[in-house]
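Structure, as structure tokens:
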Amino acid sequence: LAKTTQPISMDSYEGQEVNITCSHNNIATNDYITWYQQFPSQGPRFIIQGYKTKVTNEVASLFIPADRKSSTLSLPRVSLSDTAVYYCLVGPNDYKLSFGAGTTVTVRA
Amino acid sequence: DTAVSQTPKYLVTQMGNDKSIKCEQNLGHDTMYWYKQDSKKFLKIMFSYNNKELIINETVPNRFSPKSPDKAHLNLHINSLELGDSAVYFCASSQEGDGRYYNEQFFGPGTRLTVL
């Protein structure tokens, strides 16, 4: 599995855009990039997934450069309820999810 | 309606006891998982079942035994509980090949196990 590196924590204010960058230098050809969100005392929740270029859904956008060695999760106009831990996962479609330490995002009023 | 449910939510027990955690999913998925989240918040996969068959068994002590009576249920039985077993255990499910994203798993709310 490709090793991922992401910031331990980030602080933001309501209404701002939050960008979390994940490094995955050893990503393999058949690896996908997936982001999960975990609120306190809850299980992780799938946010977005991509293979290359840009992916956007109703929750977030995922930017992946051509070399795929990093990816950036963008959360537009965050609110207090976006305070959570965000996990970057890189791997093939083999049922196994490998979670790292994640990035704790704290949104303040 | 809860998609993936676990019982109990909290479990406090003594060392050496045997306990079970139940998981049910009403999503019609064919694959279910058990994960362990330790105090450092790292989530690690323990087991995975696809249509009642074990497909992933990570390096988990034999004291942990998953049981899948049908594809909607995956229970976790733990024998001879140890202090190090204290953690939050998450059940999850997924459905492959339905046109959705790869590796999209739906997690339950977790069971916090405390071994005294």
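In the structure tokens, each chain is lettered A, B, ... as it comes, each chain's residues begin at 1, and ligands are numbered from 1 in order of appearance.
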*Determine which residues of chain A sit within 8 Å of chain B, taking into account only C-alpha atoms, and present them as a PyMOL selection string.*
chain A and resi 32+34+41-46+49+93-101
Just the residues within 10 Å of A:Thr53, please, counting only C-alpha atoms, with nothing from its chain fewer than 4 positions along; format it as an mmCIF file with C-alpha atoms, in the first residue's frame.
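So the final result, stored in out.cif, reads:
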data_model
loop_
_atom_site.group_PDB
_atom_site.id
_atom_site.type_symbol
_atom_site.label_atom_id
_atom_site.label_comp_id
_atom_site.auth_asym_id
_atom_site.auth_seq_id
_atom_site.Cartn_x
_atom_site.Cartn_y
_atom_site.Cartn_z
ATOM 1 C CA LEU A 62 -10.433 16.514 -5.204
ATOM 2 C CA PHE A 63 -7.493 17.784 -7.227
ATOM 3 C CA ILE A 64 -4.951 15.282 -8.502
ATOM 4 C CA PRO A 65 -1.939 16.447 -10.553
ATOM 5 C CA ALA A 66 -0.725 14.507 -13.564
ATOM 6 C CA ASP A 67 2.011 12.667 -11.656
ATOM 7 C CA ARG A 68 -0.523 11.576 -8.993
ATOM 8 C CA SER A 71 -3.781 15.113 -3.978
#
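Atom CA of A:Glu58 sits 21.6 Å away from atom CA of A:Val90.
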*Give the answer as one residue: which of B:Thr7, B:Thr114, B:Thr2, B:Thr59 has the shortest atom-to-atom distance to B:Ser20, using only C-alpha atoms?*
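For B:Ser20, the nearest of the candidates is B:Thr7.
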_Applying 12 Å and only C-alpha atoms, which residues near A:Thr103 remain after dropping the ones on its own chain fewer than 3 positions away? List them as a PyMOL selection string._
(chain A and resi 4-11+18-22+35-39+73+83-89+99-100+106) or (chain B and resi 41-42)
*Atomic separation - atom CA of A:Ser74 relative to atom CA of A:Asn26, Å*: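 Between these atoms lies a distance of 22.2 Å.
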*asked:* For stretch 74-78 of chain B, find every residue with an atom within 6 Å (counting only C-alpha atoms), except residues of its own chain fewer than 6 positions away, and show them as a PyMOL selection string.
replied: chain B and resi 18-23+63-68
*Atomic distance atom CA of B:His29 - atom CA of B:Asn62, expressed in Å with one decimal*: 26.5 Å
*Report as a ChimeraX atom specification: the residues of chain A with a DSSP assignment of strand (DSSP E), based on the backbone of this structure.*
/A:9-13,18-23,32-38,45-50,53-56,61-64,70-75,84-91,103-108
